[in-house]
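Text of the file entry_21.tsv, holding TSV, N, CA, C and O atoms:
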```tsv
chain	number	residue	atom	x	y	z
W	731	MET	N	82.15	106.33	119.26
W	731	MET	CA	80.97	107.17	119.21
W	731	MET	C	80.46	107.39	120.63
W	731	MET	O	80.49	106.51	121.45
W	732	ARG	N	80.03	108.62	120.91
W	732	ARG	CA	79.51	108.96	122.23
W	732	ARG	C	78.14	109.59	122.07
W	732	ARG	O	77.78	110.05	121.01
W	733	LYS	N	77.42	109.65	123.14
W	733	LYS	CA	76.11	110.29	123.13
W	733	LYS	C	76.12	111.38	124.18
W	733	LYS	O	76.87	111.33	125.14
W	734	GLU	N	75.29	112.40	123.99
W	734	GLU	CA	75.19	113.52	124.92
W	734	GLU	C	73.74	113.72	125.34
W	734	GLU	O	72.82	113.39	124.59
W	735	PHE	N	73.55	114.27	126.53
W	735	PHE	CA	72.24	114.69	127.02
W	735	PHE	C	72.34	116.16	127.38
W	735	PHE	O	73.28	116.57	128.06
W	736	GLU	N	71.39	116.96	126.96
W	736	GLU	CA	71.34	118.36	127.36
W	736	GLU	C	70.48	118.45	128.62
W	736	GLU	O	69.41	117.87	128.70
W	737	ILE	N	70.98	119.19	129.61
W	737	ILE	CA	70.28	119.34	130.88
W	737	ILE	C	69.65	120.73	130.93
W	737	ILE	O	70.34	121.73	130.72
W	738	GLN	N	68.36	120.79	131.20
W	738	GLN	CA	67.66	122.06	131.37
W	738	GLN	C	66.85	121.96	132.65
W	738	GLN	O	65.91	121.18	132.72
W	739	GLY	N	67.23	122.71	133.65
W	739	GLY	CA	66.50	122.63	134.90
W	739	GLY	C	67.26	123.31	136.02
W	739	GLY	O	68.29	123.93	135.81
W	740	CYS	N	66.75	123.16	137.21
W	740	CYS	CA	67.35	123.75	138.41
W	740	CYS	C	67.44	122.67	139.48
W	740	CYS	O	66.62	121.76	139.52
W	741	ILE	N	68.42	122.79	140.33
W	741	ILE	CA	68.56	121.91	141.48
W	741	ILE	C	68.44	122.78	142.72
W	741	ILE	O	69.16	123.75	142.88
W	742	GLU	N	67.51	122.42	143.59
W	742	GLU	CA	67.29	123.20	144.82
W	742	GLU	C	68.15	122.64	145.93
W	742	GLU	O	68.20	121.42	146.14
W	743	VAL	N	68.86	123.53	146.63
W	743	VAL	CA	69.72	123.16	147.75
W	743	VAL	C	69.39	124.06	148.93
W	743	VAL	O	68.70	125.06	148.79
W	744	SER	N	69.90	123.71	150.12
W	744	SER	CA	69.68	124.55	151.29
W	744	SER	C	70.48	125.85	151.17
W	744	SER	O	71.46	125.92	150.44
W	745	LEU	N	70.04	126.87	151.89
W	745	LEU	CA	70.62	128.21	151.77
W	745	LEU	C	72.11	128.28	152.08
W	745	LEU	O	72.82	129.11	151.53
W	746	GLU	N	72.60	127.39	152.94
W	746	GLU	CA	74.01	127.48	153.33
W	746	GLU	C	74.97	126.89	152.29
W	746	GLU	O	76.17	127.08	152.38
W	747	VAL	N	74.46	126.22	151.27
W	747	VAL	CA	75.31	125.65	150.23
W	747	VAL	C	75.75	126.76	149.27
W	747	VAL	O	74.92	127.46	148.71
W	748	THR	N	77.06	126.90	149.11
W	748	THR	CA	77.57	127.93	148.20
W	748	THR	C	77.59	127.39	146.77
W	748	THR	O	77.51	126.18	146.54
W	749	GLU	N	77.73	128.31	145.82
W	749	GLU	CA	77.82	127.91	144.42
W	749	GLU	C	79.03	127.00	144.21
W	749	GLU	O	78.94	125.99	143.51
W	750	ASP	N	80.16	127.34	144.82
W	750	ASP	CA	81.37	126.51	144.69
W	750	ASP	C	81.16	125.12	145.26
W	750	ASP	O	81.59	124.12	144.67
W	751	GLU	N	80.50	125.02	146.43
W	751	GLU	CA	80.24	123.71	147.02
W	751	GLU	C	79.35	122.87	146.11
W	751	GLU	O	79.62	121.68	145.89
W	752	PHE	N	78.30	123.49	145.59
W	752	PHE	CA	77.41	122.76	144.69
W	752	PHE	C	78.17	122.31	143.44
W	752	PHE	O	78.09	121.16	143.03
W	753	TRP	N	78.90	123.23	142.83
W	753	TRP	CA	79.63	122.92	141.59
W	753	TRP	C	80.60	121.78	141.80
W	753	TRP	O	80.67	120.86	140.99
W	754	ASN	N	81.36	121.82	142.90
W	754	ASN	CA	82.33	120.77	143.18
W	754	ASN	C	81.65	119.42	143.38
W	754	ASN	O	82.14	118.39	142.91
W	755	ALA	N	80.50	119.39	144.06
W	755	ALA	CA	79.77	118.14	144.27
W	755	ALA	C	79.20	117.63	142.95
W	755	ALA	O	79.28	116.42	142.65
W	756	PHE	N	78.65	118.52	142.15
W	756	PHE	CA	78.08	118.13	140.86
W	756	PHE	C	79.14	117.57	139.93
W	756	PHE	O	79.00	116.48	139.38
W	757	ILE	N	80.24	118.31	139.78
W	757	ILE	CA	81.33	117.86	138.90
W	757	ILE	C	81.97	116.58	139.45
W	757	ILE	O	82.32	115.68	138.69
W	758	GLY	N	82.07	116.49	140.77
W	758	GLY	CA	82.61	115.27	141.38
W	758	GLY	C	81.77	114.05	141.02
W	758	GLY	O	82.30	112.99	140.70
W	759	PHE	N	80.44	114.21	141.06
W	759	PHE	CA	79.54	113.11	140.67
W	759	PHE	C	79.74	112.75	139.21
W	759	PHE	O	79.90	111.57	138.87
W	760	VAL	N	79.73	113.75	138.34
W	760	VAL	CA	79.88	113.51	136.91
W	760	VAL	C	81.20	112.78	136.62
W	760	VAL	O	81.23	111.76	135.92
W	761	GLU	N	82.28	113.29	137.18
W	761	GLU	CA	83.60	112.70	136.93
W	761	GLU	C	83.74	111.30	137.55
W	761	GLU	O	84.46	110.45	137.01
W	762	SER	N	83.03	111.05	138.67
W	762	SER	CA	83.11	109.73	139.29
W	762	SER	C	82.52	108.65	138.40
W	762	SER	O	82.82	107.47	138.55
W	763	LYS	N	81.69	109.05	137.45
W	763	LYS	CA	81.08	108.12	136.49
W	763	LYS	C	81.92	108.00	135.21
W	763	LYS	O	81.55	107.26	134.31
W	764	GLY	N	83.02	108.77	135.14
W	764	GLY	CA	83.84	108.77	133.93
W	764	GLY	C	83.24	109.62	132.82
W	764	GLY	O	83.60	109.49	131.66
W	765	TRP	N	82.30	110.50	133.18
W	765	TRP	CA	81.62	111.36	132.22
W	765	TRP	C	82.30	112.74	132.22
W	765	TRP	O	83.18	113.02	133.04
W	766	SER	N	81.87	113.60	131.32
W	766	SER	CA	82.36	114.98	131.32
W	766	SER	C	81.17	115.91	131.17
W	766	SER	O	80.09	115.50	130.74
W	767	PHE	N	81.36	117.16	131.54
W	767	PHE	CA	80.29	118.16	131.49
W	767	PHE	C	80.84	119.41	130.84
W	767	PHE	O	81.92	119.88	131.18
W	768	GLY	N	80.09	119.96	129.91
W	768	GLY	CA	80.44	121.24	129.30
W	768	GLY	C	79.26	122.17	129.48
W	768	GLY	O	78.15	121.87	129.06
W	769	GLY	N	79.47	123.25	130.15
W	769	GLY	CA	78.37	124.17	130.40
W	769	GLY	C	78.71	125.10	131.53
W	769	GLY	O	79.87	125.21	131.92
W	770	GLY	N	77.72	125.72	132.07
W	770	GLY	CA	77.95	126.69	133.13
W	770	GLY	C	76.93	126.56	134.24
W	770	GLY	O	76.13	125.62	134.27
W	771	ILE	N	76.96	127.53	135.11
W	771	ILE	CA	76.10	127.53	136.28
W	771	ILE	C	75.70	128.98	136.57
W	771	ILE	O	76.50	129.90	136.37
W	772	ARG	N	74.47	129.17	136.98
W	772	ARG	CA	73.99	130.50	137.37
W	772	ARG	C	73.18	130.34	138.66
W	772	ARG	O	72.29	129.50	138.74
W	773	GLU	N	73.50	131.14	139.65
W	773	GLU	CA	72.78	131.08	140.92
W	773	GLU	C	71.44	131.79	140.79
W	773	GLU	O	71.34	132.85	140.16
W	774	ILE	N	70.41	131.22	141.40
W	774	ILE	CA	69.06	131.79	141.42
W	774	ILE	C	68.60	131.86	142.87
W	774	ILE	O	68.75	130.90	143.62
W	775	GLN	N	68.07	133.02	143.26
W	775	GLN	CA	67.46	133.18	144.58
W	775	GLN	C	66.14	133.90	144.42
W	775	GLN	O	66.07	134.94	143.77
W	776	ASP	N	65.10	133.32	144.99
W	776	ASP	CA	63.77	133.92	144.97
W	776	ASP	C	63.32	134.32	143.57
W	776	ASP	O	62.69	135.35	143.37
W	777	GLY	N	63.68	133.50	142.57
W	777	GLY	CA	63.24	133.75	141.21
W	777	GLY	C	64.08	134.73	140.41
W	777	GLY	O	63.71	135.08	139.29
W	778	TYR	N	65.23	135.16	140.94
W	778	TYR	CA	66.11	136.10	140.24
W	778	TYR	C	67.49	135.49	140.09
W	778	TYR	O	68.00	134.83	141.00
W	779	TYR	N	68.11	135.75	138.93
W	779	TYR	CA	69.52	135.39	138.77
W	779	TYR	C	70.34	136.31	139.67
W	779	TYR	O	70.05	137.50	139.79
W	780	ILE	N	71.37	135.77	140.30
W	780	ILE	CA	72.23	136.54	141.17
W	780	ILE	C	73.50	136.90	140.40
W	780	ILE	O	74.16	136.03	139.84
W	781	LEU	N	73.81	138.19	140.37
W	781	LEU	CA	74.98	138.68	139.65
W	781	LEU	C	76.25	138.44	140.46
W	781	LEU	O	76.20	138.15	141.65
W	782	ALA	N	77.40	138.59	139.82
W	782	ALA	CA	78.69	138.34	140.46
W	782	ALA	C	78.91	139.18	141.71
W	782	ALA	O	79.57	138.75	142.65
W	783	ASP	N	78.31	140.39	141.74
W	783	ASP	CA	78.47	141.26	142.91
W	783	ASP	C	77.48	140.94	144.02
W	783	ASP	O	77.44	141.61	145.05
W	784	GLY	N	76.65	139.91	143.83
W	784	GLY	CA	75.69	139.49	144.84
W	784	GLY	C	74.32	140.13	144.71
W	784	GLY	O	73.40	139.78	145.45
W	785	SER	N	74.17	141.06	143.78
W	785	SER	CA	72.88	141.73	143.61
W	785	SER	C	71.96	140.92	142.70
W	785	SER	O	72.40	140.01	142.00
W	786	ARG	N	70.69	141.27	142.72
W	786	ARG	CA	69.71	140.60	141.87
W	786	ARG	C	69.84	141.06	140.43
W	786	ARG	O	69.98	142.24	140.15
W	787	GLY	N	69.74	140.12	139.55
W	787	GLY	CA	69.71	140.43	138.12
W	787	GLY	C	68.32	140.23	137.58
W	787	GLY	O	67.32	140.46	138.27
W	788	GLN	N	68.22	139.73	136.38
W	788	GLN	CA	66.96	139.50	135.69
W	788	GLN	C	66.15	138.41	136.37
W	788	GLN	O	66.71	137.44	136.90
W	789	ARG	N	64.83	138.54	136.34
W	789	ARG	CA	63.95	137.48	136.82
W	789	ARG	C	64.07	136.28	135.90
W	789	ARG	O	64.15	136.41	134.69
W	790	VAL	N	64.08	135.09	136.46
W	790	VAL	CA	64.22	133.86	135.70
W	790	VAL	C	63.11	133.75	134.66
W	790	VAL	O	63.35	133.40	133.51
W	791	LEU	N	61.89	134.06	135.04
W	791	LEU	CA	60.75	133.89	134.15
W	791	LEU	C	60.69	134.94	133.05
W	791	LEU	O	59.92	134.80	132.10
W	792	ASP	N	61.49	136.01	133.16
W	792	ASP	CA	61.50	137.06	132.13
W	792	ASP	C	62.45	136.73	130.99
W	792	ASP	O	62.48	137.44	129.99
W	793	GLY	N	63.27	135.70	131.14
W	793	GLY	CA	64.29	135.38	130.15
W	793	GLY	C	63.80	134.43	129.17
W	793	GLY	O	63.88	134.16	128.11
```

Could the structure of this file be written out as structure tokens, please?
Amino acid sequence: MRKEFEIQGCIEVSLEVTEDEFWNAFIGFVESKGWSFGGGIREIQDGYYILADGSRGQRVLDG
């Protein structure tokens, strides 16, 4: 039997950290504990989701 925790929140990093760098560090931490993660990641800048093309998408607070 296993237990799960749902994560709802944001992690603030410095501007030079890329999404890939953050993801690799996060997953590295999770895996170093022998845990697994199922989910996704969305970049946020100045309160807006950032789309794949780098443009601003929907405001975080509007969702």

Hey, what's within 6 Å of range 767-780 of chain W if we count all atoms listed in the file and toss same-chain stuff fewer than 5 positions away? As a short mmCIF file (atom, residue, chain, number, x, y, z; two decimals) with N, CA, C and O atoms, keeping the file's coordinate frame, please?
```
data_model
loop_
_atom_site.label_atom_id
_atom_site.label_comp_id
_atom_site.auth_asym_id
_atom_site.auth_seq_id
_atom_site.Cartn_x
_atom_site.Cartn_y
_atom_site.Cartn_z
N SER W 785 74.17 141.06 143.78
CA SER W 785 72.88 141.73 143.61
C SER W 785 71.96 140.92 142.70
O SER W 785 72.40 140.01 142.00
N ARG W 786 70.69 141.27 142.72
CA ARG W 786 69.71 140.60 141.87
C ARG W 786 69.84 141.06 140.43
O ARG W 786 69.98 142.24 140.15
N GLY W 787 69.74 140.12 139.55
CA GLY W 787 69.71 140.43 138.12
C GLY W 787 68.32 140.23 137.58
O GLY W 787 67.32 140.46 138.27
N GLN W 788 68.22 139.73 136.38
CA GLN W 788 66.96 139.50 135.69
C GLN W 788 66.15 138.41 136.37
O GLN W 788 66.71 137.44 136.90
N ARG W 789 64.83 138.54 136.34
CA ARG W 789 63.95 137.48 136.82
C ARG W 789 64.07 136.28 135.90
O ARG W 789 64.15 136.41 134.69
N VAL W 790 64.08 135.09 136.46
CA VAL W 790 64.22 133.86 135.70
C VAL W 790 63.11 133.75 134.66
O VAL W 790 63.35 133.40 133.51
N LEU W 791 61.89 134.06 135.04
CA LEU W 791 60.75 133.89 134.15
C LEU W 791 60.69 134.94 133.05
O LEU W 791 59.92 134.80 132.10
#
```

Enumerate the residues of chain W with a DSSP assignment of alpha helix (DSSP H), computed from the backbone, and present them as a list of chain:residue names.
-> W:Glu749, W:Asp750, W:Glu751, W:Phe752, W:Trp753, W:Asn754, W:Ala755, W:Phe756, W:Ile757, W:Gly758, W:Phe759, W:Val760, W:Glu761, W:Ser762

Next, dump the selected residues to file, keeping only N, CA, C and O atoms, as an mmCIF file, keeping the file's coordinate frame.
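See part.cif below for the written result:
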```cif
data_model
loop_
_atom_site.group_PDB
_atom_site.id
_atom_site.type_symbol
_atom_site.label_atom_id
_atom_site.label_comp_id
_atom_site.auth_asym_id
_atom_site.auth_seq_id
_atom_site.Cartn_x
_atom_site.Cartn_y
_atom_site.Cartn_z
ATOM 1 N N GLU W 749 77.730 128.310 145.820
ATOM 2 C CA GLU W 749 77.820 127.910 144.420
ATOM 3 C C GLU W 749 79.030 127.000 144.210
ATOM 4 O O GLU W 749 78.940 125.990 143.510
ATOM 5 N N ASP W 750 80.160 127.340 144.820
ATOM 6 C CA ASP W 750 81.370 126.510 144.690
ATOM 7 C C ASP W 750 81.160 125.120 145.260
ATOM 8 O O ASP W 750 81.590 124.120 144.670
ATOM 9 N N GLU W 751 80.500 125.020 146.430
ATOM 10 C CA GLU W 751 80.240 123.710 147.020
ATOM 11 C C GLU W 751 79.350 122.870 146.110
ATOM 12 O O GLU W 751 79.620 121.680 145.890
ATOM 13 N N PHE W 752 78.300 123.490 145.590
ATOM 14 C CA PHE W 752 77.410 122.760 144.690
ATOM 15 C C PHE W 752 78.170 122.310 143.440
ATOM 16 O O PHE W 752 78.090 121.160 143.030
ATOM 17 N N TRP W 753 78.900 123.230 142.830
ATOM 18 C CA TRP W 753 79.630 122.920 141.590
ATOM 19 C C TRP W 753 80.600 121.780 141.800
ATOM 20 O O TRP W 753 80.670 120.860 140.990
ATOM 21 N N ASN W 754 81.360 121.820 142.900
ATOM 22 C CA ASN W 754 82.330 120.770 143.180
ATOM 23 C C ASN W 754 81.650 119.420 143.380
ATOM 24 O O ASN W 754 82.140 118.390 142.910
ATOM 25 N N ALA W 755 80.500 119.390 144.060
ATOM 26 C CA ALA W 755 79.770 118.140 144.270
ATOM 27 C C ALA W 755 79.200 117.630 142.950
ATOM 28 O O ALA W 755 79.280 116.420 142.650
ATOM 29 N N PHE W 756 78.650 118.520 142.150
ATOM 30 C CA PHE W 756 78.080 118.130 140.860
ATOM 31 C C PHE W 756 79.140 117.570 139.930
ATOM 32 O O PHE W 756 79.000 116.480 139.380
ATOM 33 N N ILE W 757 80.240 118.310 139.780
ATOM 34 C CA ILE W 757 81.330 117.860 138.900
ATOM 35 C C ILE W 757 81.970 116.580 139.450
ATOM 36 O O ILE W 757 82.320 115.680 138.690
ATOM 37 N N GLY W 758 82.070 116.490 140.770
ATOM 38 C CA GLY W 758 82.610 115.270 141.380
ATOM 39 C C GLY W 758 81.770 114.050 141.020
ATOM 40 O O GLY W 758 82.300 112.990 140.700
ATOM 41 N N PHE W 759 80.440 114.210 141.060
ATOM 42 C CA PHE W 759 79.540 113.110 140.670
ATOM 43 C C PHE W 759 79.740 112.750 139.210
ATOM 44 O O PHE W 759 79.900 111.570 138.870
ATOM 45 N N VAL W 760 79.730 113.750 138.340
ATOM 46 C CA VAL W 760 79.880 113.510 136.910
ATOM 47 C C VAL W 760 81.200 112.780 136.620
ATOM 48 O O VAL W 760 81.230 111.760 135.920
ATOM 49 N N GLU W 761 82.280 113.290 137.180
ATOM 50 C CA GLU W 761 83.600 112.700 136.930
ATOM 51 C C GLU W 761 83.740 111.300 137.550
ATOM 52 O O GLU W 761 84.460 110.450 137.010
ATOM 53 N N SER W 762 83.030 111.050 138.670
ATOM 54 C CA SER W 762 83.110 109.730 139.290
ATOM 55 C C SER W 762 82.520 108.650 138.400
ATOM 56 O O SER W 762 82.820 107.470 138.550
#
```

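Picture a line from atom O of Lys733 in chain W to atom O of Lys763 in chain W; it runs 11.1 Å.
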
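As for atom C of Val743 in chain W and atom O of Gly764 in chain W, they are spaced 26.7 Å apart.
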
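If you look at atom N of Phe735 in chain W and atom C of Ser766 in chain W, they are 9.1 Å away from each other.
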
For Trp765 in chain W, the nearest of the candidates W:Asp792, W:Glu746, W:Glu751, W:Glu734, counting only C-alpha atoms = W:Glu734

As a ChimeraX atom specification, list the residues of chain W assigned to strand (DSSP E or B) by DSSP on the backbone atoms of this structure.
-> /W:774-775,778-780,786-789
